[in-house]
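Colleague: Below you will find the structure I want to go over with you.
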Amino acid sequence: MLNVPSQAFPAPGSQQRAASGGRSKVPLKQGRSLMDWIRLTKSGKDLTGLKGRLIEVTEEELTKHNKKDDCWVCIRGLVYNVSPYMEYHPGGEDELMRAAGSDGTDLFDQVHRWVNYESMLKECLVGRMAVKPVAVAKENHAKKLLNGILLKSRVPDLPAKEIPPSYDWFQTESLVTIVIYTKQKDMDSESVIIDCQDGCFRAEIIIKNYSYLLHTELSHEIQEDIAVRVAEKTGKIEIVLKKKDNVSWTYLGHPLENHNSFTAHRETGLYYRKCQLISKVDVTHDTKLYCLMLPPGTHLQVPIGQHVYLKQTVAGTEIVKPYTPVLETLHSYIQETLHSHNKYIYVMIKIYHTGVFTPNFDCLQIGDYVSLSSPEGNFKRSQLQELEELFLLAAGTGFTPMVKILAYALTNITSLRKVKLMFFNKTEGDILWRNQLEQLADKERRFEVEFILSNPTCEWTGKQGKISLPLLSEFVKRNLEDSRILICICGPAPFTEQGIRLLKDLNFSQEEVHSFTAY
């Protein structure tokens, strides 16, 4: 692989630059939509210029292909001719050219880590990077038994104070308990993601910016019920499996890919599991609430302010979109709502009839399946601790990250004096959960909501317009000069970018503002 200096990506001032790592789209020419690209890849046209041949690409050869009409990019060891894709790229040609003739893996991961490039660009594959010979120690690749002897973890270069986790296991007549020693305080069940299907056990533990993975083919069958216990003070995690047959296990299982590894979370690939569509309910004329059920043997809780990716195949191409899960309803925003019914995940999705992903997703029937990733995101619950004032700025479905934040803050933050939501929409018919928000404001004295419409009818008596300095200066006011506050903002990229600039003009610090880009 090539090692190139890390660059700012997207470029400062570029069309794709958005606040806090977000993305902006650029206008595409007619006939250059995602669906048009999929049709082109199915047309049989030679998109590589190599007439179907795959080649080994040297570093020297890669650097030669650095022009718009001859642009090769390396991503994780695979080289693609992205010239045919230039006009179809939502971020614009300039962003693709930043990786022209080089290893673009780091740049790609900063903005597009969730995109299935292998599917999107499979017809553009030139070949693999040529690997220089490296002397390696011989290793016995025979299957290793996991019988309680701890295999040495694969670990990255860690800060001096970081200690990689370890694990062990023990059994009773009916149970197998896997114990993970994270040696970290303040661990909780949201940090533990478990998938156990078809005899394969996979446990991922999120520890700060790292991921610890156990991945084994179990030696015996187990039942679907899995229990997770976390000792917050010591960081010890117990995963309890129920044996299908009450027999003694002589070993835990065979190690699978990346078993007992400890790596930077950004370097781990997204893991998906199949979830079943249980229900879909209209929220507005173009937005629906979908309930997805996690498969048996899965333990997954989406932390507040984080998102998941939904993946489906459209015309033979895998398409992935990020969404922030919400609650089933705001009416029961009490604490147990956030932690009960963990087998269900609710997503609120606006259907774009001219789009590719959402029309196909809306065609799913009850009982159909869709792939759902493990959670991602950089929002931390600790940002809400000891908060006195919380301001939420949302536009359209940018409301979705605010749902769990709102519920958690009102329920758990005892220092909180005020929560205000300023909700921007085009028309009254676009306002998501309007009745629920108004009822919550009537019931909860600390909560206020204000609706702003950009295209109201003449009957509308509320405020009008788009996000602006006069609106924000009136809405986002500290009660006291030293009040501990947090401002969360989410919506289309122009809305978020403008909001960030205006809040800076109002002298709010970077630490007091958090923007979301998945909704």
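A note on labels: chains of the structure tokens are A, B, ... as shown, every chain counts residues from 1, and ligands are counted from 1 in their shown order.
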Excluding segment 181-195 of chain A and its own-chain neighbours fewer than 3 positions away, which residues fall within 9 Å of it when counting only C-alpha atoms? Please give them as a PyMOL selection string.
Modeller: chain A and resi 163-168+200-207+212+226+228-239+273+295-303+374
Colleague: DSSP on the backbone, then: every residue of segment 41-150 of chain A marked alpha helix (DSSP H), written as a short mmCIF file (atom, residue, chain, number, x, y, z; two decimals) with N, CA, C and O atoms, in the first residue's frame.
Modeller:
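Written file, states.cif:
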```
data_model
loop_
_atom_site.label_atom_id
_atom_site.label_comp_id
_atom_site.auth_asym_id
_atom_site.auth_seq_id
_atom_site.Cartn_x
_atom_site.Cartn_y
_atom_site.Cartn_z
N THR A 41 -23.16 0.74 -15.28
CA THR A 41 -22.33 -0.41 -14.89
C THR A 41 -22.91 -1.73 -15.39
O THR A 41 -22.18 -2.72 -15.51
N GLU A 59 3.40 1.07 -7.63
CA GLU A 59 3.28 2.45 -7.16
C GLU A 59 3.62 3.42 -8.28
O GLU A 59 2.96 4.45 -8.47
N GLU A 60 4.65 3.08 -9.03
CA GLU A 60 5.08 3.95 -10.13
C GLU A 60 3.98 4.08 -11.17
O GLU A 60 3.70 5.18 -11.68
N GLU A 61 3.33 2.98 -11.51
CA GLU A 61 2.26 3.01 -12.51
C GLU A 61 1.05 3.79 -12.01
O GLU A 61 0.44 4.57 -12.74
N LEU A 62 0.70 3.60 -10.73
CA LEU A 62 -0.46 4.29 -10.17
C LEU A 62 -0.32 5.80 -10.26
O LEU A 62 -1.27 6.52 -10.61
N THR A 63 0.87 6.30 -9.96
CA THR A 63 1.06 7.76 -9.93
C THR A 63 0.92 8.39 -11.32
O THR A 63 0.70 9.60 -11.41
N LYS A 64 1.04 7.60 -12.38
CA LYS A 64 0.91 8.15 -13.74
C LYS A 64 -0.53 8.52 -14.07
O LYS A 64 -0.77 9.36 -14.93
N GLU A 93 -16.24 16.43 -8.85
CA GLU A 93 -15.01 15.89 -9.43
C GLU A 93 -13.78 16.27 -8.60
O GLU A 93 -12.85 15.47 -8.47
N ASP A 94 -13.77 17.48 -8.07
CA ASP A 94 -12.57 17.95 -7.35
C ASP A 94 -12.24 17.05 -6.17
O ASP A 94 -11.07 16.83 -5.85
N GLU A 95 -13.27 16.54 -5.50
CA GLU A 95 -13.00 15.68 -4.34
C GLU A 95 -12.38 14.36 -4.75
O GLU A 95 -11.48 13.85 -4.08
N LEU A 96 -12.84 13.78 -5.86
CA LEU A 96 -12.23 12.54 -6.34
C LEU A 96 -10.78 12.78 -6.75
O LEU A 96 -9.91 11.94 -6.53
N MET A 97 -10.51 13.94 -7.33
CA MET A 97 -9.17 14.23 -7.81
C MET A 97 -8.15 14.38 -6.68
O MET A 97 -6.95 14.29 -6.91
N THR A 105 -7.19 5.64 0.60
CA THR A 105 -7.92 4.95 1.66
C THR A 105 -8.26 5.87 2.83
O THR A 105 -9.41 5.92 3.28
N ASP A 106 -7.27 6.61 3.33
CA ASP A 106 -7.52 7.49 4.48
C ASP A 106 -8.53 8.58 4.13
O ASP A 106 -9.41 8.90 4.92
N LEU A 107 -8.38 9.16 2.94
CA LEU A 107 -9.31 10.20 2.53
C LEU A 107 -10.72 9.64 2.39
O LEU A 107 -11.70 10.27 2.80
N PHE A 108 -10.82 8.47 1.81
CA PHE A 108 -12.12 7.81 1.65
C PHE A 108 -12.77 7.56 3.01
O PHE A 108 -13.95 7.81 3.21
N ASP A 109 -11.99 7.06 3.96
CA ASP A 109 -12.54 6.71 5.27
C ASP A 109 -13.04 7.93 6.04
O ASP A 109 -13.95 7.83 6.86
N GLN A 110 -12.44 9.09 5.80
CA GLN A 110 -12.86 10.28 6.52
C GLN A 110 -14.28 10.70 6.17
O GLN A 110 -14.97 11.30 6.98
N VAL A 111 -14.72 10.40 4.96
CA VAL A 111 -16.03 10.87 4.51
C VAL A 111 -16.96 9.73 4.12
O VAL A 111 -18.16 9.78 4.36
N HIS A 112 -16.41 8.66 3.53
CA HIS A 112 -17.25 7.64 2.91
C HIS A 112 -17.03 6.23 3.49
O HIS A 112 -17.25 5.25 2.78
N TYR A 117 -17.91 0.66 -1.66
CA TYR A 117 -17.23 1.01 -2.90
C TYR A 117 -16.99 -0.21 -3.77
O TYR A 117 -16.95 -0.12 -5.01
N GLU A 118 -16.82 -1.39 -3.15
CA GLU A 118 -16.56 -2.60 -3.92
C GLU A 118 -17.72 -2.93 -4.85
O GLU A 118 -17.54 -3.44 -5.95
N SER A 119 -18.94 -2.64 -4.37
CA SER A 119 -20.11 -2.87 -5.20
C SER A 119 -20.31 -1.73 -6.20
O SER A 119 -20.57 -1.95 -7.39
N MET A 120 -20.15 -0.48 -5.72
CA MET A 120 -20.38 0.68 -6.58
C MET A 120 -19.38 0.75 -7.73
O MET A 120 -19.72 1.18 -8.84
#
```
Colleague: Just to confirm, what's the straight-line distance from atom CA of Lys67 of chain A to atom CA of Gly316 of chain A in Å (one decimal)?
Modeller: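 Computing it gives 29.6 Å between the two atoms.
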Colleague: Rank A:Ile319, A:Leu175, A:Leu327, A:Cys71 by their smallest atom-to-atom distance to Trp114 of chain A, using only C-alpha atoms, and report the top residue only.
Modeller: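 Comparing A:Ile319, A:Leu175, A:Leu327, A:Cys71 against Trp114 of chain A, the winner is A:Ile319.
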Colleague: Residues at most 7 Å from Leu390 of chain A, counting only C-alpha atoms, excluding those fewer than 2 positions away in the same chain, as a VMD selection string?
Modeller: chain A and resid 388 392 418 to 420 485 to 487
Colleague: Convert the current residue selection to file output with C-alpha atoms, as a PDB file, in the first residue's frame.
Modeller:
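part01.pdb, freshly written:
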```
ATOM      1  CA  GLU A 388     -28.031  23.391  32.521  1.00  0.00           C
ATOM      2  CA  LEU A 392     -31.807  21.697  19.662  1.00  0.00           C
ATOM      3  CA  LYS A 418     -34.274  24.237  30.102  1.00  0.00           C
ATOM      4  CA  VAL A 419     -34.546  22.328  26.794  1.00  0.00           C
ATOM      5  CA  LYS A 420     -35.571  24.262  23.674  1.00  0.00           C
ATOM      6  CA  ILE A 485     -24.983  24.742  27.632  1.00  0.00           C
ATOM      7  CA  LEU A 486     -24.960  22.482  24.580  1.00  0.00           C
ATOM      8  CA  ILE A 487     -26.368  23.299  21.145  1.00  0.00           C
TER       9      ILE A 487
END
```
Colleague: Pull the closest atom pair for each residue of segment 297-368 of chain A that gets at most 9 Å from segment 432-441 of chain A, along with the distance in Å to one decimal, counting only C-alpha atoms, ordering rows by chain and then ascending residue number, as CSV.
Modeller:
```
residue,atom,partner,partner_atom,distance
A:Thr329,CA,A:Gln436,CA,8.0
A:Leu330,CA,A:Gln436,CA,6.1
A:His331,CA,A:Gln436,CA,6.5
```
Colleague: List as a ChimeraX atom specification the protein and nucleic acid residues near Met293 of chain A, meaning an atom at most 7 Å away when only C-alpha atoms are counted, but skip any in the same chain fewer than 2 places from it.
Modeller: /A:275-278,291,295,343-345
